[in-house]
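Notes for the one structure printed next.
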Amino acid sequence: GAVVSQHPSRVICKSGTSVKIECRSLDFQATTMFWYRQFPKQSLMLMATSNEGSKATYEQGVEKDKFLINHASLTLSTLTVTSAHPEDSSFYICSAGDEGNSPLHFGNGTRLTVT
Amino acid sequence: KNQVEQSPQSLIILEGKNCTLQCNYTVSPFSNLRWYKQDTGRGPVSLTIMTFSENTKSNGRYTATLDADTKQSSLHITASQLSDSASYICVVSVRGSSYKLIFGSGTRLLVRP
């Protein structure tokens, strides 16, 4: 079945540095991918919609200059957390899906810890 | 306002027992409703997806129901196993925008031996 691969699964970085997270669709082309953030014991919160070949669409309250999204191909989207701070520590999840009613497929998430 | 509410917030059951999780939504226009299982530290995995015309769908020991009139859904787990311990998330899709999803806050299920 369709699979979405996310890398890395865990990352620890120092405050002020930038971290890049990759999201790949392995056996299908995804013109649209999605980035979510999840705090402990809470559900997923959509951060942005990544569109291949165009600018990402950010949800209200999400800083586009802090969370840079690049969707350079039909199988790869990247999220870069720039100048990370401890409050950016969270679980980041990407998803992609086929058209219509096909279930969105989620990556396994990236646990980011900023020290 | 589009909302998805799940109950209970958390649940503890003994291995082998059955349980039912609830989902109420006020999403309009409705496209489909999905149930996902999310293990701790992992991404959600799809269990079922139902459109307006479907009122039940099974996936192994998981059976989802949908009442589009009352805007309610349930997820029934039969003969629970320890590996069923996870969060179960109800997600409703808005019609006209395939990827506009409204997430419930999830039910955290713990199955004890």
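Residue numbers start at 1 in each chain; chains themselves are named A, B, ... in the order of the structure tokens; ligands are numbered from 1 in the order shown.
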Tell me, counting only C-alpha atoms, for each residue of segment 1-112 of chain B within 8 Å of segment 108-111 of chain A, which pair of atoms is nearest and how far apart they are in Å to one decimal, in rows ordered by chain and increasing number, as a Markdown table.
| residue | atom | partner | partner_atom | distance |
| --- | --- | --- | --- | --- |
| B:Gly41 | CA | A:Gly109 | CA | 7.2 |
| B:Arg42 | CA | A:Asn108 | CA | 4.7 |
| B:Gly43 | CA | A:Asn108 | CA | 4.1 |
| B:Pro44 | CA | A:Asn108 | CA | 7.6 |
What does the file look like for those residues with C-alpha atoms, as a compact mmCIF listing (two decimals), in the first residue's frame?
# COMPACT_ATOMS: atom_id res chain seq x y z
CA GLY B 41 5.41 8.37 19.11
CA ARG B 42 4.14 7.22 15.73
CA GLY B 43 2.03 8.67 12.97
CA PRO B 44 -1.68 7.84 12.66
Using only C-alpha atoms, determine which residues lie at most 7 Å from Asn2 of chain B, disregarding the query and same-chain residues fewer than 2 positions distant; provide the list as a count of residues only.
3
Contact residues around segment 65-78 of chain B with only C-alpha atoms at 10 Å, ignoring same-chain residues under 5 positions, as a ChimeraX atom specification:
/B:4-7,16-27,30,32-35,47-48,50-60,84,88-90
Using the selection just defined, write its residues with N, CA, C and O atoms as a compact mmCIF listing (two decimals), in the first residue's frame.
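Writing done, so here's part_34.txt:
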# COMPACT_ATOMS: atom_id res chain seq x y z
N VAL B 4 -15.22 18.34 15.81
CA VAL B 4 -15.32 16.91 16.02
C VAL B 4 -15.02 16.65 17.49
O VAL B 4 -13.96 17.04 17.97
N GLU B 5 -15.95 16.02 18.16
CA GLU B 5 -15.79 15.75 19.59
C GLU B 5 -15.79 14.25 19.83
O GLU B 5 -16.65 13.54 19.33
N GLN B 6 -14.83 13.81 20.62
CA GLN B 6 -14.72 12.39 20.92
C GLN B 6 -14.89 12.13 22.40
O GLN B 6 -14.53 12.93 23.24
N SER B 7 -15.45 10.96 22.67
CA SER B 7 -15.60 10.54 24.06
C SER B 7 -15.47 9.02 24.14
O SER B 7 -15.77 8.31 23.17
N GLY B 16 -9.15 -8.67 26.17
CA GLY B 16 -10.22 -9.60 25.82
C GLY B 16 -11.61 -8.96 25.82
O GLY B 16 -12.54 -9.51 25.23
N LYS B 17 -11.72 -7.83 26.50
CA LYS B 17 -13.01 -7.14 26.55
C LYS B 17 -13.25 -6.31 25.30
O LYS B 17 -12.32 -5.98 24.56
N ASN B 18 -14.53 -5.97 25.08
CA ASN B 18 -14.90 -5.10 23.98
C ASN B 18 -15.04 -3.66 24.47
O ASN B 18 -15.23 -3.42 25.68
N CYS B 19 -14.95 -2.72 23.55
CA CYS B 19 -15.20 -1.33 23.93
C CYS B 19 -15.70 -0.56 22.72
O CYS B 19 -15.53 -1.00 21.57
N THR B 20 -16.34 0.56 23.01
CA THR B 20 -16.88 1.42 21.94
C THR B 20 -16.48 2.86 22.19
O THR B 20 -16.67 3.38 23.30
N LEU B 21 -15.93 3.47 21.18
CA LEU B 21 -15.51 4.86 21.25
C LEU B 21 -16.50 5.69 20.44
O LEU B 21 -16.99 5.26 19.39
N GLN B 22 -16.75 6.90 20.90
CA GLN B 22 -17.77 7.74 20.26
C GLN B 22 -17.16 8.97 19.59
O GLN B 22 -16.13 9.50 20.03
N CYS B 23 -17.84 9.41 18.54
CA CYS B 23 -17.42 10.60 17.81
C CYS B 23 -18.66 11.35 17.34
O CYS B 23 -19.50 10.76 16.66
N ASN B 24 -18.78 12.60 17.74
CA ASN B 24 -19.87 13.46 17.27
C ASN B 24 -19.27 14.61 16.48
O ASN B 24 -18.22 15.15 16.87
N TYR B 25 -19.91 14.98 15.40
CA TYR B 25 -19.33 16.03 14.59
C TYR B 25 -20.38 17.04 14.16
O TYR B 25 -21.57 16.75 14.11
N THR B 26 -19.89 18.23 13.86
CA THR B 26 -20.78 19.28 13.35
C THR B 26 -20.16 19.87 12.08
O THR B 26 -20.21 21.09 11.87
N VAL B 27 -19.54 18.99 11.29
CA VAL B 27 -18.86 19.43 10.08
C VAL B 27 -19.84 19.51 8.93
O VAL B 27 -20.60 18.59 8.68
N PHE B 30 -20.40 17.70 4.72
CA PHE B 30 -19.70 16.48 5.09
C PHE B 30 -19.23 15.72 3.85
O PHE B 30 -19.97 15.61 2.87
N ASN B 32 -16.48 12.74 4.27
CA ASN B 32 -16.28 11.39 4.79
C ASN B 32 -15.75 11.47 6.21
O ASN B 32 -15.33 12.54 6.68
N LEU B 33 -15.81 10.33 6.87
CA LEU B 33 -15.33 10.25 8.26
C LEU B 33 -14.32 9.12 8.35
O LEU B 33 -14.55 8.03 7.82
N ARG B 34 -13.22 9.40 9.01
CA ARG B 34 -12.13 8.43 9.12
C ARG B 34 -11.81 8.17 10.58
O ARG B 34 -11.89 9.07 11.41
N TRP B 35 -11.45 6.95 10.87
CA TRP B 35 -10.90 6.60 12.17
C TRP B 35 -9.44 6.21 11.97
O TRP B 35 -9.11 5.41 11.09
N LEU B 47 -7.77 3.26 9.91
CA LEU B 47 -8.53 2.04 10.22
C LEU B 47 -9.71 1.90 9.27
O LEU B 47 -9.92 0.85 8.68
N THR B 48 -10.51 2.95 9.18
CA THR B 48 -11.68 2.91 8.30
C THR B 48 -11.94 4.30 7.73
O THR B 48 -11.53 5.30 8.28
N MET B 50 -15.44 6.19 5.84
CA MET B 50 -16.83 6.02 5.44
C MET B 50 -17.37 7.28 4.82
O MET B 50 -17.14 8.39 5.33
N THR B 51 -18.08 7.12 3.73
CA THR B 51 -18.76 8.24 3.10
C THR B 51 -20.18 8.35 3.63
O THR B 51 -20.62 7.54 4.45
N PHE B 52 -20.90 9.32 3.13
CA PHE B 52 -22.25 9.63 3.60
C PHE B 52 -23.18 8.43 3.52
O PHE B 52 -24.02 8.22 4.37
N SER B 53 -23.01 7.63 2.48
CA SER B 53 -23.95 6.54 2.22
C SER B 53 -23.61 5.25 2.97
O SER B 53 -24.38 4.30 2.95
N GLU B 54 -22.46 5.23 3.62
CA GLU B 54 -22.05 4.02 4.33
C GLU B 54 -22.37 4.16 5.80
O GLU B 54 -22.07 5.19 6.41
N ASN B 55 -22.95 3.12 6.40
CA ASN B 55 -23.24 3.22 7.83
C ASN B 55 -22.46 2.23 8.69
O ASN B 55 -22.57 2.26 9.92
N THR B 56 -21.69 1.38 8.06
CA THR B 56 -20.82 0.50 8.84
C THR B 56 -19.66 0.02 7.98
O THR B 56 -19.83 -0.18 6.77
N LYS B 57 -18.53 -0.13 8.60
CA LYS B 57 -17.36 -0.65 7.90
C LYS B 57 -16.46 -1.34 8.91
O LYS B 57 -16.24 -0.80 10.01
N SER B 58 -15.96 -2.50 8.53
CA SER B 58 -15.13 -3.27 9.44
C SER B 58 -13.72 -3.42 8.92
O SER B 58 -13.48 -3.42 7.71
N ASN B 59 -12.80 -3.54 9.85
CA ASN B 59 -11.40 -3.79 9.53
C ASN B 59 -10.88 -4.70 10.64
O ASN B 59 -10.44 -4.24 11.68
N GLY B 60 -11.02 -6.00 10.40
CA GLY B 60 -10.61 -6.96 11.43
C GLY B 60 -11.49 -6.83 12.66
O GLY B 60 -12.71 -6.91 12.57
N ASP B 84 -3.76 -3.03 21.18
CA ASP B 84 -4.79 -2.03 20.86
C ASP B 84 -4.59 -0.75 21.66
O ASP B 84 -5.23 0.27 21.38
N TYR B 88 -7.08 6.83 19.52
CA TYR B 88 -7.95 6.63 18.36
C TYR B 88 -8.55 7.98 18.00
O TYR B 88 -9.19 8.63 18.83
N ILE B 89 -8.30 8.38 16.78
CA ILE B 89 -8.66 9.72 16.35
C ILE B 89 -9.75 9.65 15.29
O ILE B 89 -9.63 8.91 14.31
N CYS B 90 -10.78 10.42 15.50
CA CYS B 90 -11.88 10.56 14.53
C CYS B 90 -11.61 11.82 13.71
O CYS B 90 -11.33 12.89 14.27
So that I can check the surroundings of segment 31-39 of chain A, please list as a PyMOL selection string every protein, DNA and RNA residue that reaches within 6 Å of it, counting only C-alpha atoms and ignoring chain neighbours fewer than 2 positions away.
chain A and resi 42+44-52+74+90-96
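When only C-alpha atoms are used to compute distances to Val45 of chain B, the closest of the residues A:Ala56, A:Ile69, A:Cys13, A:Val3 turns out to be A:Val3.
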Using only C-alpha atoms, determine which residues lie at most 7 Å from Leu76 of chain A, disregarding the query and same-chain residues fewer than 6 positions distant; provide the list as a VMD selection string.
chain A and resid 23 to 25
Can you work out which one of A:Val4, A:Val11, A:Val19, A:Leu26 has the shortest atom-to-atom distance to Thr80 of chain A, counting only C-alpha atoms?
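Of A:Val4, A:Val11, A:Val19, A:Leu26, the one nearest Thr80 of chain A, counting only C-alpha atoms, is A:Val19.
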Spatial neighbours of Arg112 of chain B, max dist 8 Å, only C-alpha atoms, sep filter under 4 positions, as a list in words:
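Once the adjacent positions are removed, what remains is Ile12, Ile13, Leu14, Glu15 and Leu82 of chain B.
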Export, as a PDB file, in the first residue's frame, the selected residues with C-alpha atoms.
ATOM      1  CA  ILE B  12      -8.962   1.523  30.435  1.00  0.00           C
ATOM      2  CA  ILE B  13     -10.198  -1.982  29.721  1.00  0.00           C
ATOM      3  CA  LEU B  14      -9.034  -5.507  30.401  1.00  0.00           C
ATOM      4  CA  GLU B  15      -7.564  -7.613  27.655  1.00  0.00           C
ATOM      5  CA  LEU B  82      -2.633  -5.305  24.482  1.00  0.00           C
TER       6      LEU B  82
END
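Each of A:Lys64, A:Ser43, A:Ser77, A:Ala84 was checked against Gln6 of chain A using only C-alpha atoms; the smallest atom-to-atom distance is that of A:Ser77.
Considering only C-alpha atoms, the residue among B:Ser85, B:Ser80, B:Ala64, B:Arg108 positioned nearest to chain A is B:Arg108.
Checking A:Gly97, A:Ala72, A:Gly107, A:Asp88 one by one against chain B, counting only C-alpha atoms, you find the shortest gap at A:Gly107.
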Enumerate the residues of chain A with a DSSP assignment of strand (DSSP E or B), computed from the backbone, and present them as a ChimeraX atom specification.
/A:4-7,10-13,19-25,32-38,45-51,57-58,67-73,76-81,90-96,105-106,110-114
Spatial neighbours of Pro86 of chain A, max dist 8 Å, only C-alpha atoms, sep filter under 3 positions, as an MDAnalysis selection string
chainID A and resid 15 89 113:115
Saved selection, atoms kept: N, CA, C and O atoms, as a CSV table (one decimal), in the first residue's frame:
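So out17.csv came out as:
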chain,number,residue,atom,x,y,z
A,15,SER,N,19.4,25.4,20.7
A,15,SER,CA,18.6,26.6,20.5
A,15,SER,C,19.4,27.5,19.5
A,15,SER,O,20.6,27.8,19.6
A,89,SER,N,10.0,22.6,20.4
A,89,SER,CA,10.0,21.2,20.7
A,89,SER,C,8.6,20.6,20.6
A,89,SER,O,7.7,21.1,21.3
A,113,THR,N,13.5,18.0,19.7
A,113,THR,CA,13.8,18.5,21.0
A,113,THR,C,14.8,19.6,20.9
A,113,THR,O,15.9,19.3,20.3
A,114,VAL,N,14.5,20.8,21.3
A,114,VAL,CA,15.4,21.9,21.2
A,114,VAL,C,15.9,22.2,22.6
A,114,VAL,O,15.1,22.5,23.6
A,115,THR,N,17.3,22.1,22.8
A,115,THR,CA,17.8,22.3,24.1
A,115,THR,C,18.4,23.8,24.3
A,115,THR,O,18.6,24.5,23.3
I need the residue nearest chain A from this list: B:Ala79, B:Val111, B:Leu101, B:Leu11. Use only C-alpha atoms for the distance.
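Under the stated criterion, the closest residue is B:Leu101.
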Could you tell me how far atom CA of Thr82 of chain A lies from atom CA of Glu22 of chain A, in Å and to one decimal?
14.4 Å
